[in-house]
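Visitor: My structure is below; once you've seen it, I'll send some questions.
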Amino acid sequence: MIEIKQLKSGYRGIQALKGVDLTVREGEMVAIIGANGAGKSTLLNTLSGVVRAQSGSIVFDGTEVSRMPAHTISRLGLLHVPEGRQVLADMTIRENLMLGALARSRRAALYDIDKVVSMFPILGERMDQMAGTLSGGQQQMMVIGRALMGTPRVLLLDEPSLGLSPLITHQVFEALATLHQEGLTIVIVEQNANRALAATERAYVMERGLIAQHGNSSDLLNDPAIIEHYLGSAESAVID
Ligand SMILES: Nc1ncnc2c1ncn2[C@@H]1O[C@H](COP(=O)(O)OP(=O)(O)OP(=O)(O)O)[C@@H](O)[C@H]1O
């Protein structure tokens with residue numbers, strides 16, 4: 001479904017991706033883990049067209065998307081929930097969710113507000129409240145809901161557990177597991193490697209702009225080198 005080959009991209013003076021190869025098959029839930037600055041966010045940003053690819057290719061469902069603008073890529077169904085969430089604080093939850101529907105093309109809507117609310121009931125109770133008044137966990141649920149309103153074929157999530165308590169993180173990952181069971185293809189970037197490996201089938205480990213390792217998530221969870229480098233120090237700060 002997504003085939004990335006020798007992808008290079010970065011910023012003025014910084015080569016953040018140095019030739020990444022990665023495959024995501026339809027219906028898979030895949031994790032991308034790695035230390036701070038390894039290039040995980042840049043990879044998602046390049047996939048969604050927010051950062052321009054310098055070279056290499058990204059084929060999504062048979063279409064080369066690496067030179068396409070972000071709005072075209074989102075209309076194809078590659079939807080990105082960025083790190084930091086980009087909540088429109090002075091708009092209501094309903095308005096934030098409806099904005100997500102703008103990313104939809106002519107594909108039949110799979111998710112509407114009722115479906116998002118059934119997944120995250122707390123949003124239903126607060127629909128006409130300003131989004132800025134929500135807790136971090138509720139905001140994360142809302143931005144996932146906003147992406148669902150765009151009828152994703154693939155959901156790209158950047159650090160969904162960042163700043164959330166273990167309980168709220170658990171709720172968010174439960175919702176992702178449900179979406180995965182419904183057939184949605186999901187790619188998760190996570191600092192919280194333990195959580196990401198436990199939730200996914202396959203994973204890629206990034207180091208300094210390259211894929212250092214990939215394999216079954218359960219194998220990586222038991223790999224001594226992975227345990228030493230990425231597990232055990234991955235608890236995110238609790239602010240929820
Ligand atoms: N907007 C930017 N402008 C310039 N350099 C950037 C920008 N964003 C990231 N970088 C640099 O690109 C490299 C890869 O960063 P990236 O954010 O992709 O890593 P990451 O693995 O997602 O880490 P983190 O978890 O800290 O976000 C780093 O050297 C980082 O400093």
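Going through the structure tokens in order, the chains are called A, B, and so on, while each chain numbers its residues from 1 and the ligands are numbered from 1 in the order shown.
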For Gly19 in chain A, work out the shell of residues within 9 Å, counting only C-alpha atoms and skipping chain neighbours fewer than 5 positions away, then give it as a list in words.

Guide: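 The filter keeps Lys5, Gln6, Leu7, Lys8, Ser9, Ser55, Gly56, Gly209, Leu210 and Ile211 of chain A.
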
Visitor: What residues of the protein or nucleic acid chains come within 6 Å of ligand 1 when you use only C-alpha atoms and all ligand atoms? Reply as number ranges by chain.

Guide: A: 11, 16, 35-42

Visitor: Could you save the residues just selected, with C-alpha atoms, as a compact mmCIF listing (two decimals), in the first residue's frame?

Guide:
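Saved as part15.txt:
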# COMPACT_ATOMS: atom_id res chain seq x y z
CA TYR A 11 15.68 21.07 6.14
CA ALA A 16 17.17 14.35 8.23
CA ALA A 35 15.75 8.18 19.65
CA ASN A 36 15.08 11.92 19.59
CA GLY A 37 16.18 13.45 16.32
CA ALA A 38 16.40 10.11 14.47
CA GLY A 39 14.08 11.44 11.75
CA LYS A 40 10.75 9.84 12.68
CA SER A 41 8.69 13.03 12.46
CA THR A 42 10.46 14.05 9.27

Visitor: Can you pull out every residue within 10 Å of Gly136 in chain A, counting only C-alpha atoms, but drop anything in the same chain fewer than 5 positions away, and send it as a ChimeraX atom specification?

Guide: /A:84-85,141-142,161-165,168,239-240

Visitor: Would you mind exporting the chosen residues as a PDB file, in the first residue's frame, restricted to N, CA and C atoms?

Guide:
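again_5.pdb was written with the following content:
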ATOM      1  N   GLY A  84       2.092  17.372  18.557  1.00  0.00           N
ATOM      2  CA  GLY A  84       1.654  18.686  19.034  1.00  0.00           C
ATOM      3  C   GLY A  84       0.196  18.956  18.718  1.00  0.00           C
ATOM      4  N   ARG A  85      -0.399  18.099  17.928  1.00  0.00           N
ATOM      5  CA  ARG A  85      -1.860  18.018  17.741  1.00  0.00           C
ATOM      6  C   ARG A  85      -2.516  19.105  16.901  1.00  0.00           C
ATOM      7  N   MET A 141      -7.718  12.763  21.399  1.00  0.00           N
ATOM      8  CA  MET A 141      -8.883  12.046  20.856  1.00  0.00           C
ATOM      9  C   MET A 141      -9.543  12.879  19.759  1.00  0.00           C
ATOM     10  N   MET A 142      -9.629  14.192  20.005  1.00  0.00           N
ATOM     11  CA  MET A 142     -10.288  15.054  19.018  1.00  0.00           C
ATOM     12  C   MET A 142      -9.513  15.094  17.699  1.00  0.00           C
ATOM     13  N   SER A 161       0.994   9.437  22.293  1.00  0.00           N
ATOM     14  CA  SER A 161       0.978   9.341  23.765  1.00  0.00           C
ATOM     15  C   SER A 161       1.709  10.492  24.442  1.00  0.00           C
ATOM     16  N   LEU A 162       2.259  11.416  23.651  1.00  0.00           N
ATOM     17  CA  LEU A 162       3.095  12.477  24.239  1.00  0.00           C
ATOM     18  C   LEU A 162       2.325  13.295  25.275  1.00  0.00           C
ATOM     19  N   GLY A 163       2.849  13.316  26.485  1.00  0.00           N
ATOM     20  CA  GLY A 163       2.255  14.123  27.546  1.00  0.00           C
ATOM     21  C   GLY A 163       1.013  13.532  28.190  1.00  0.00           C
ATOM     22  N   LEU A 164       0.641  12.320  27.804  1.00  0.00           N
ATOM     23  CA  LEU A 164      -0.588  11.734  28.366  1.00  0.00           C
ATOM     24  C   LEU A 164      -0.264  10.770  29.506  1.00  0.00           C
ATOM     25  N   SER A 165      -1.183  10.671  30.456  1.00  0.00           N
ATOM     26  CA  SER A 165      -1.016   9.717  31.554  1.00  0.00           C
ATOM     27  C   SER A 165      -1.132   8.299  30.997  1.00  0.00           C
ATOM     28  N   ILE A 168      -4.806   7.427  30.100  1.00  0.00           N
ATOM     29  CA  ILE A 168      -5.332   8.054  28.880  1.00  0.00           C
ATOM     30  C   ILE A 168      -4.628   7.480  27.649  1.00  0.00           C
ATOM     31  N   ILE A 239       1.093  14.678  32.192  1.00  0.00           N
ATOM     32  CA  ILE A 239       0.519  15.991  32.486  1.00  0.00           C
ATOM     33  C   ILE A 239      -1.008  15.934  32.491  1.00  0.00           C
ATOM     34  N   ASP A 240      -1.560  14.778  32.166  1.00  0.00           N
ATOM     35  CA  ASP A 240      -3.018  14.733  32.035  1.00  0.00           C
ATOM     36  C   ASP A 240      -3.684  14.554  33.399  1.00  0.00           C
TER      37      ASP A 240
END

Visitor: For range 88-90 of chain A, find every residue with an atom within 7 Å (counting only C-alpha atoms), except residues of its own chain fewer than 3 positions away, and show them as a ChimeraX atom specification.

Guide: /A:96,130-132

Visitor: Which residues are near Ile186 in chain A? Cut-off 12 Å, only C-alpha atoms, ignore same chain within fewer than 3 positions. Put them as an MDAnalysis selection string.

Guide: chainID A and resid 1:2 24:32 44 77:81 144 147:148 152:158 173 175:183 189 196 199:203

Visitor: Write the residues you've just listed into a file as a compact mmCIF listing (two decimals), in the first residue's frame, and include N, CA and C atoms for each of them.

Guide:
# COMPACT_ATOMS: atom_id res chain seq x y z
N MET A 1 0.83 -1.22 0.00
CA MET A 1 0.00 0.00 0.00
C MET A 1 0.86 1.27 0.00
N ILE A 2 1.91 1.26 0.89
CA ILE A 2 2.91 2.34 0.84
C ILE A 2 4.27 1.68 0.63
N VAL A 24 4.50 -0.49 3.96
CA VAL A 24 3.33 -0.71 4.80
C VAL A 24 2.29 -1.40 3.94
N ARG A 25 1.80 -2.55 4.42
CA ARG A 25 0.78 -3.27 3.65
C ARG A 25 -0.62 -2.87 4.12
N GLU A 26 -1.59 -3.06 3.25
CA GLU A 26 -2.96 -2.69 3.57
C GLU A 26 -3.42 -3.40 4.85
N GLY A 27 -4.02 -2.65 5.76
CA GLY A 27 -4.57 -3.23 6.98
C GLY A 27 -3.57 -3.43 8.10
N GLU A 28 -2.30 -3.09 7.85
CA GLU A 28 -1.28 -3.28 8.89
C GLU A 28 -1.29 -2.13 9.89
N MET A 29 -0.75 -2.43 11.08
CA MET A 29 -0.47 -1.38 12.06
C MET A 29 1.03 -1.47 12.33
N VAL A 30 1.75 -0.42 11.95
CA VAL A 30 3.21 -0.43 11.95
C VAL A 30 3.73 0.68 12.85
N ALA A 31 4.78 0.36 13.63
CA ALA A 31 5.39 1.38 14.50
C ALA A 31 6.73 1.84 13.92
N ILE A 32 7.04 3.09 14.17
CA ILE A 32 8.37 3.61 13.87
C ILE A 32 8.92 4.16 15.18
N LEU A 44 7.25 11.05 8.66
CA LEU A 44 5.80 11.25 8.52
C LEU A 44 5.50 12.53 7.77
N GLY A 77 -6.18 10.12 0.89
CA GLY A 77 -6.51 9.31 2.05
C GLY A 77 -5.35 9.01 2.98
N LEU A 78 -4.22 9.69 2.74
CA LEU A 78 -3.07 9.54 3.64
C LEU A 78 -3.17 10.70 4.63
N LEU A 79 -3.67 10.42 5.83
CA LEU A 79 -3.98 11.50 6.76
C LEU A 79 -3.06 11.48 7.97
N HIS A 80 -2.57 12.66 8.31
CA HIS A 80 -1.50 12.82 9.27
C HIS A 80 -2.03 13.50 10.53
N VAL A 81 -1.81 12.88 11.68
CA VAL A 81 -2.11 13.54 12.96
C VAL A 81 -0.76 13.95 13.53
N ILE A 144 -7.53 12.82 16.50
CA ILE A 144 -7.71 11.53 15.81
C ILE A 144 -9.09 11.53 15.16
N ALA A 147 -9.08 13.52 12.00
CA ALA A 147 -8.50 12.79 10.87
C ALA A 147 -9.50 11.74 10.35
N LEU A 148 -10.23 11.10 11.25
CA LEU A 148 -11.21 10.10 10.81
C LEU A 148 -12.30 10.74 9.94
N PRO A 152 -9.78 8.45 6.26
CA PRO A 152 -8.43 8.02 5.92
C PRO A 152 -8.40 6.62 5.33
N ARG A 153 -7.42 6.40 4.45
CA ARG A 153 -7.09 5.03 4.05
C ARG A 153 -5.89 4.59 4.88
N VAL A 154 -5.05 5.58 5.23
CA VAL A 154 -3.95 5.32 6.14
C VAL A 154 -3.90 6.47 7.13
N LEU A 155 -3.78 6.13 8.42
CA LEU A 155 -3.66 7.14 9.46
C LEU A 155 -2.20 7.17 9.91
N LEU A 156 -1.57 8.36 9.82
CA LEU A 156 -0.19 8.54 10.27
C LEU A 156 -0.24 9.30 11.59
N LEU A 157 0.24 8.69 12.65
CA LEU A 157 0.13 9.32 13.98
C LEU A 157 1.52 9.62 14.52
N ASP A 158 1.74 10.89 14.90
CA ASP A 158 3.04 11.25 15.45
C ASP A 158 2.93 11.44 16.95
N PHE A 173 -4.83 4.13 22.74
CA PHE A 173 -4.37 2.94 22.01
C PHE A 173 -5.49 1.91 21.83
N ALA A 175 -8.55 2.74 21.25
CA ALA A 175 -9.30 3.25 20.10
C ALA A 175 -8.56 2.92 18.81
N LEU A 176 -7.24 3.04 18.82
CA LEU A 176 -6.46 2.72 17.62
C LEU A 176 -6.59 1.23 17.28
N ALA A 177 -6.61 0.39 18.33
CA ALA A 177 -6.77 -1.06 18.09
C ALA A 177 -8.12 -1.34 17.44
N THR A 178 -9.16 -0.63 17.87
CA THR A 178 -10.49 -0.81 17.27
C THR A 178 -10.47 -0.41 15.81
N LEU A 179 -9.84 0.73 15.52
CA LEU A 179 -9.77 1.20 14.13
C LEU A 179 -9.00 0.19 13.27
N HIS A 180 -7.94 -0.35 13.84
CA HIS A 180 -7.15 -1.34 13.14
C HIS A 180 -7.99 -2.59 12.85
N GLN A 181 -8.77 -3.01 13.86
CA GLN A 181 -9.64 -4.19 13.66
C GLN A 181 -10.68 -3.93 12.58
N GLU A 182 -11.07 -2.67 12.44
CA GLU A 182 -12.04 -2.31 11.39
C GLU A 182 -11.38 -2.28 10.01
N GLY A 183 -10.06 -2.47 9.99
CA GLY A 183 -9.38 -2.57 8.70
C GLY A 183 -8.53 -1.37 8.32
N VAL A 189 4.35 6.77 14.98
CA VAL A 189 5.67 7.16 15.45
C VAL A 189 5.56 7.33 16.96
N ALA A 196 4.37 1.25 21.74
CA ALA A 196 4.22 1.13 20.29
C ALA A 196 4.45 -0.30 19.83
N ALA A 199 1.58 -2.58 20.66
CA ALA A 199 0.32 -2.32 19.96
C ALA A 199 0.36 -2.71 18.48
N THR A 200 1.56 -3.00 17.94
CA THR A 200 1.67 -3.16 16.49
C THR A 200 2.16 -4.56 16.11
N GLU A 201 2.11 -4.83 14.81
CA GLU A 201 2.55 -6.12 14.31
C GLU A 201 4.00 -6.06 13.84
N ARG A 202 4.33 -4.96 13.18
CA ARG A 202 5.69 -4.79 12.67
C ARG A 202 6.21 -3.43 13.07
N ALA A 203 7.54 -3.32 13.10
CA ALA A 203 8.12 -2.03 13.50
C ALA A 203 9.43 -1.78 12.78

Visitor: For a quick check of understanding, using only C-alpha atoms, which of A:Gly34, A:Leu220, A:His229, A:Ala53 has the smallest distance to Glu190 in chain A?

Guide: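 So, comparing all the options, the nearest one is A:Gly34.
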
Visitor: Pick out the residues sitting within 9 Å of range 62-70 of chain A, and hand them over as a list of chain:residue names; count only C-alpha atoms, and ignore anything fewer than 2 positions along from it in its own chain.

Guide: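 Everything that qualifies: A:Met1, A:Ile2, A:Glu3, A:Leu7, A:Thr46, A:Leu47, A:Ser48, A:Gly49, A:Val50, A:Val51, A:Arg52, A:Ala53, A:Gln54, A:Ser55, A:Gly56, A:Ser57, A:Ile58, A:Val59, A:Phe60, A:Thr72, A:Ile73, A:Ser74, A:Arg75.
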
Visitor: Taking into account only C-alpha atoms, which residue in the set A:Ile33, A:Val172, A:Ala212, A:Met149 is nearest to Ile188 in chain A?

Guide: A:Ile33

Visitor: Taking the DSSP assignment computed from this structure's backbone, write out as a ChimeraX atom specification all residues of range 12-199 of chain A that belong to helix (DSSP H, G or I).

Guide: /A:40-47,70-76,93-103,113-119,121-125,131-133,136-149,166-181,193-199

Visitor: Tell me which of A:Leu76, A:Ala101, A:Val117, A:Leu43 sits closest to Tyr204 in chain A, counting only C-alpha atoms.

Guide: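 Nearest candidate to Tyr204 in chain A out of A:Leu76, A:Ala101, A:Val117, A:Leu43: A:Leu43.
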
Visitor: For the atom pair CA of Ser135 in chain A and CA of Leu123 in chain A, what is the interatomic distance in Å to one decimal place?

Guide: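 Rounded to one decimal, the two atoms are 11.2 Å apart.
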